[in-house]
Amino acid sequence: MTNLTRVEAGARSALIEVLGYRVELDLAQGATTFESSSTVCFTCAEPGGSTFLDVKPLRLYTVTLNGVEIDLTGFDGERIGLTSLALENEVVVTATMSYSNDGQGLHRAVDSADDQHYVYGHSFLDSAPKIFGCFDQPDLKAPYDVSVTAPPGWIVLGNGTATRTGEGTWALATTKPLSTYFFTVCAGPYASVTTVHDGIPLGIHARASLREPLERQAEQMLTITAQSFDYYHSLFGIRYPFGEYHQVFVPEFNAGAMENPGCVTLRDQYVFRGAMTHDEELTRSSTITHEMAHMWFGDLVTMQWWDDLWLNESFAEYMSHRTLEAATEFTGAWVDSSMARKPWGYAAERMPSTHPVAGSPAPDAQSALQNFDGISYAKGAATLRQLIAYIGDDDFISGVGEYLRSHAYGNAALADFLGSMERASGKDLQQWADAWLRTTGLDAISVEVTTERGSITSATLRRTPPAAHPADRPHRLDVAGFSGGAEVFRVLTTVDRDQTALPELVGRPAANLLIPNATDLTWANVKLDAATLAAAPAELSAVPQAQARAVVWTALLDGVALAEIDPRHLLAVLATSWAGESNQSIINRVGLQLTQRVIPAFIPTDEQDGALGVTANAAGEMLAAAEPGSSRALVAARYVAATSGDEDLLRRWAAGEQLPEGLAGDSDFRWVALGNLARRGAIGSAELDAALEQDRTMAGNLKWLQARASAPDAQAKVWAWGQLTGEHGRSNYELNALAAGFWHTRDQDVLRPYVARYFRDVPALSGRVGEDALARVAALAYPAGQVEASTAEQSAAALLRPDLTASVRRAVLDADSQLREALASRAAFG
């Protein structure tokens with residue numbers, strides 16, 4: 001596979017300027033291929049020079065340059081050489097392209113509920129040439145004219161407003177200049193809900209089989225969309241520039257969403273077919289606001305090269321939570337950031353693959369793909385909050401406006417962003433940027449106090465930079481103390497040295513819980529003192545501020561990962577505090593961390609059933625206390641169904657009997673109970689097959705695959721591994737489901753042979769599965785639950801191999817690091 005390098009991209013953009021694309025797609029040629037014709041007009045700064053065009057066809061028919069057909073004898077399958085260029089040029093490419101089933105390029109999926117076909121384009125990061133011939137790099141932006149032929153009965157959506165011109169023919173309006181990786185076309189018998197807000201036509205779309213939940217949930221999604229538009233317009237002073245605004249919920253989407261101008265694509269799991277929790281609704285709303293922020297930061301102004309991807313993602317991450325807090329019903333959005341996003345970023349900081357927020361080496365496109373992680377998103381957003389604390393919000397917004405207006409429809413880099421901030425604030429930001437943006441790592445923050453007769457006699461806040469990546473990062477943060485459910489003190493301070501005295505606390509009553517960074521203003525590893533750790537089981541649930549509780553939970557989870565806190569202590573806190581928790585982001589994210597990582601990896605195998613029992617008991621208490629049918633009751637019921645060892649209860653729920661209120665007919669909840677029974681070996685393939693017959697949907701098929709793969713017997717593992725690694729035409733989502741279910745069983749002898757097979761068979765999928773999709777499969781399929789030295793040895797050996805692709809290497813490297821965290825914890829605590 002050819003991988004565009006930064007040097008090649010720089011040379012090409014210096015030589016040519018793309019004036020426009022005319023793309024013609026024929027999607028009515030069957031289920032496996034489509035016809036593509038692209039006409040590209042461009043100028044050349046040095047007539048007589050040469051460059052290349054990107055295209056990845058199944059069959060390439062003709063390529064003409066300025067009316068002369070190019071000899072394709074030496075075509076390598078990915079690049080077409082263009083020589084003897086004129087001042088003004090036109091290249092025309094005609095080809096047959098393959099639909100994908102891995103979420104990259106033009107993906108085609110069949111809805112098993114009604115056998116309807118759906119198509120969507122995903123051009124990120126280097127997949128546009130799988131759809132049409134183009135100059136594929138982010139700084140060669142150009143307008144597009146697109147026409148599409150589709151089967152009768154389909155609708156077509158894209159970056160420009162779509163107009164039906166005949167039976168099965170569509171024309172899309174000329175777009176503003178776009179990078180190739182934003183190109184999309186969505187086509188199929190989509191169900192739609194449309195409206196207009198502030199002069200902007202809005203549409204939300206999903207598969208026809210999801211019409212009922214789409215229409216039921218449309219008002220909430222369109223309300224968030226409208227509120228976000230109003231907020232961004234008032235904040236930036238620049239109206240949305242891309243015409244209509246469609247949000248298409250598409251099947252088998254690798255990411256959460258993609259910010260294609262005018263036509264955002266989102267994973268269709270966000271259209272909840274069963275009961276929906278407040279946390280799920282908030283997550284979907286955050287995604288909506290995140291992708292809309294990209295219309296300005298990423299789409300209107302695009303990074304020049306992938307090393308500045310943080311200019312896209314950090315800003316959108318920050319703005320999504322700011323917008324939800326300021327303009328919508330979700331006033332607890334920053335708590336969700338603390339629980340759902342920051343732990344992702346903190347985990348990335350602990351990996352050997354950690355990198356700075358800005359300026360990470362990206363010598364080629366595929367290496368850049370590896371940095372779409374929690375650092376680029378969550379740390380970048382936290383860094384922007386620190387920048388605002390440093391220069392002030394008014395100057396930050398003023399700088400953002402100047403940056404957007406100065407580079408509209410073009411490209412920019414870190415230096416451009418910092419220049420706008422410096423002009424707005426009047427401050428030199430180079431030292432700040434060196435510490436926060438250009439240096440890897442996070443500081444540890446702790447508070448030490450001395451007391452006498454119940455009062456504080458001294459207090460010191462300690463900042464400890466990482467030894468491997470020292471930096472002088474200034475922090476704006478607060479320190480709060482709580483006792484018996486009451487706030488005892490709170491002080492806001494600036495930390496610009498490794499030890500900062502806190503004289504404001506002297507004479508204050510000592511607190512049972514001492515919480516640094518209590519409102520989570522900064523990016524740091526919070527170290528709780530011994531007294532706070534000891535008091536947490538009794539005191540945490542009474543802390544009145546959800547944000548402070550979230551900081552404690554995150555600190556506990558980090559401490560477990562760093563082998564500083566016994567995972568059993570985390571379970572003790574859960575046993576006393578989780579059932580009484582009121583914030584659903586905390587409830588759900590703590591539950592996910594416990595059930596998906598802490599218990600399977602950090603708790604010894606012979607204690608895991610007991611740990612799941614603690615979780616089930618706490619969830620049962622929560623369910624009993626919650627208002628029947630409420631969102632909190634639903635979250636609690638799901639955790640009971642996922643962790644309980646009461647097989648009679650699970651069978652009743654799987655049969656639809658004696659269900660908690662609001663869950664009658666909820667297929668997704670039924671699969672939670674069935675999955676638990678399957679993992680325990682309490683039901684087999686016959687029962688799962690019967691359940692699938694009652695839920696012949698895309699979602700039902702995925703739940704069935706995961707449940708079958710999770711069965712603990714050797715025969716089930718043989719079947720699942722064959723389906724995962726064999727040539728069965730499985731989609732990206734089907735591979736994910738099989739991988740997620742595979743490593744479940746208490747009988748380690750059944751699983752040990754597959755450790756070596758993982759390192760042999762999963763990397764070999766790179767020939768059949770795109771890198772974006774394979775990264776997820778490789779991460780899910782890694783034997784993380786095999787917490788043994790032999791697993792680490794095989795992992796280390798695999799990382800020495802030269803044949804691993806960039807995505808597989810990154811997945812193995814990060815999973816290996818997490819495995820070693822679990823090994824270190826078990827060594828420390830038994």
# chains A, B, ... in the order shown; residues from 1 in each chain; ligands from 1

$ residues_around --residues "region 281-290 of chain A" --least-positions-apart "3" --cutoff "6 Å" --atoms "only C-alpha atoms" --output "number ranges by chain"
A: 278, 293, 316-317, 320

$ select_by_dssp --residues "region 149-218 of chain A" --states "strand (DSSP E)" --output "number ranges by chain"
A: 149, 155-158, 162-166, 169-172, 185-188, 191-197, 200-206

$ residues_around --residues "Leu556 (chain A)" --least-positions-apart "3" --cutoff "9 Å" --atoms "only C-alpha atoms" --output "short mmCIF file (atom, residue, chain, number, x, y, z; two decimals) with C-alpha atoms, in the first residue's frame"
data_model
loop_
_atom_site.label_atom_id
_atom_site.label_comp_id
_atom_site.auth_asym_id
_atom_site.auth_seq_id
_atom_site.Cartn_x
_atom_site.Cartn_y
_atom_site.Cartn_z
CA VAL A 526 -4.66 13.57 40.83
CA LYS A 527 -3.04 11.82 43.78
CA LEU A 528 -5.39 11.37 46.71
CA LEU A 533 -8.50 7.07 50.25
CA VAL A 551 -12.56 13.68 40.02
CA VAL A 552 -12.32 11.19 42.90
CA TRP A 553 -13.60 8.30 40.78
CA GLY A 559 -4.46 4.77 40.87
CA VAL A 560 -5.53 1.22 40.07
CA ALA A 561 -3.99 1.44 36.59
CA ILE A 565 -4.37 1.57 44.66
CA PRO A 567 -8.43 -2.72 42.89
CA HIS A 569 -10.37 -0.85 47.43
CA LEU A 570 -12.05 0.48 44.31
#

$ select_by_dssp --residues "region 660-736 of chain A" --states "alpha helix (DSSP H)" --output "PyMOL selection string"
chain A and resi 667-679+685-693+698-710+714-725+732-736

$ residues_around --residues "Phe52 (chain A)" --least-positions-apart "2" --cutoff "9 Å" --atoms "only C-alpha atoms" --output "PDB file with N, CA, C and O atoms, in the first residue's frame"
ATOM      1  N   ARG A  12       3.719  18.450  -3.927  1.00  0.00           N
ATOM      2  CA  ARG A  12       2.570  18.506  -4.820  1.00  0.00           C
ATOM      3  C   ARG A  12       1.795  19.804  -4.634  1.00  0.00           C
ATOM      4  O   ARG A  12       1.372  20.432  -5.613  1.00  0.00           O
ATOM      5  N   SER A  50       5.818  17.618 -13.354  1.00  0.00           N
ATOM      6  CA  SER A  50       5.065  16.373 -13.228  1.00  0.00           C
ATOM      7  C   SER A  50       4.623  16.164 -11.784  1.00  0.00           C
ATOM      8  O   SER A  50       5.237  16.684 -10.846  1.00  0.00           O
ATOM      9  N   ASP A  54      -4.197  10.331  -7.287  1.00  0.00           N
ATOM     10  CA  ASP A  54      -4.496   9.146  -6.476  1.00  0.00           C
ATOM     11  C   ASP A  54      -5.804   8.506  -6.917  1.00  0.00           C
ATOM     12  O   ASP A  54      -6.829   9.186  -7.038  1.00  0.00           O
ATOM     13  N   ARG A  79      -1.506   5.087  -7.892  1.00  0.00           N
ATOM     14  CA  ARG A  79      -1.067   6.399  -8.354  1.00  0.00           C
ATOM     15  C   ARG A  79      -0.930   6.426  -9.869  1.00  0.00           C
ATOM     16  O   ARG A  79      -0.446   5.466 -10.472  1.00  0.00           O
ATOM     17  N   ILE A  80      -1.337   7.559 -10.439  1.00  0.00           N
ATOM     18  CA  ILE A  80      -1.185   7.775 -11.878  1.00  0.00           C
ATOM     19  C   ILE A  80      -0.225   8.931 -12.078  1.00  0.00           C
ATOM     20  O   ILE A  80      -0.462  10.046 -11.576  1.00  0.00           O
ATOM     21  N   GLY A  81       0.856   8.704 -12.777  1.00  0.00           N
ATOM     22  CA  GLY A  81       1.801   9.763 -13.056  1.00  0.00           C
ATOM     23  C   GLY A  81       1.249  10.728 -14.085  1.00  0.00           C
ATOM     24  O   GLY A  81       0.690  10.323 -15.106  1.00  0.00           O
ATOM     25  N   LEU A  82       1.400  12.032 -13.830  1.00  0.00           N
ATOM     26  CA  LEU A  82       0.975  13.085 -14.745  1.00  0.00           C
ATOM     27  C   LEU A  82       2.201  13.906 -15.121  1.00  0.00           C
ATOM     28  O   LEU A  82       2.800  14.556 -14.257  1.00  0.00           O
ATOM     29  N   THR A  83       2.582  13.882 -16.369  1.00  0.00           N
ATOM     30  CA  THR A  83       3.809  14.538 -16.819  1.00  0.00           C
ATOM     31  C   THR A  83       3.509  15.617 -17.848  1.00  0.00           C
ATOM     32  O   THR A  83       2.405  15.698 -18.395  1.00  0.00           O
ATOM     33  N   PHE A 135      -6.540  14.401  -6.003  1.00  0.00           N
ATOM     34  CA  PHE A 135      -5.281  14.752  -5.355  1.00  0.00           C
ATOM     35  C   PHE A 135      -5.558  14.712  -3.852  1.00  0.00           C
ATOM     36  O   PHE A 135      -6.078  15.675  -3.277  1.00  0.00           O
TER      37      PHE A 135
END

$ residues_around --residues "Phe242 (chain A)" --least-positions-apart "3" --cutoff "7 Å" --atoms "only C-alpha atoms" --output "JSON, numbers by chain"
{"A": [176, 261, 262]}

$ residues_around --residues "region 812-828 of chain A" --least-positions-apart "2" --cutoff "9 Å" --atoms "only C-alpha atoms" --output "NGL selection string"
:A and (347-348 or 350-353 or 560-567 or 598 or 601-604 or 759 or 778-779 or 782-789 or 791-792 or 795-796 or 798-799 or 807-810 or 830)

$ closest_residue --among "A:Leu514, A:Leu702, A:Ala45, A:Ala340" --to "Ala550 (chain A)" --atoms "only C-alpha atoms"
A:Ala340

$ closest_residue --among "A:Lys703, A:Arg6, A:Arg108, A:His728" --to "Pro363 (chain A)" --atoms "only C-alpha atoms"
A:Arg6

$ closest_residue --among "A:Gln658, A:Thr328, A:Ser179, A:Thr457" --to "Met303 (chain A)" --atoms "only C-alpha atoms"
A:Ser179

$ closest_residue --among "A:Ala511, A:Val335, A:Gly729, A:Ala468" --to "Thr451 (chain A)" --atoms "only C-alpha atoms"
A:Ala511

$ atom_distance --atom1 "CA of Thr643 (chain A)" --atom2 "CA of Ala542 (chain A)"
25.7 Å

$ residues_around --residues "region 607-615 of chain A" --least-positions-apart "3" --cutoff "9 Å" --atoms "only C-alpha atoms" --output "ChimeraX atom specification"
/A:568,571-572,574-575,578,591,594-595,599-600,603-604,618-620,639-640,643-645

$ closest_residue --among "A:Leu461, A:Ser209, A:Gln547, A:His469" --to "Leu492 (chain A)" --atoms "only C-alpha atoms"
A:Leu461

$ closest_residue --among "A:Glu69, A:Asp111, A:Asp529, A:Glu167" --to "Asp268 (chain A)" --atoms "only C-alpha atoms"
A:Asp111

$ atom_distance --atom1 "CA of Thr519 (chain A)" --atom2 "CA of Arg341 (chain A)"
15.1 Å
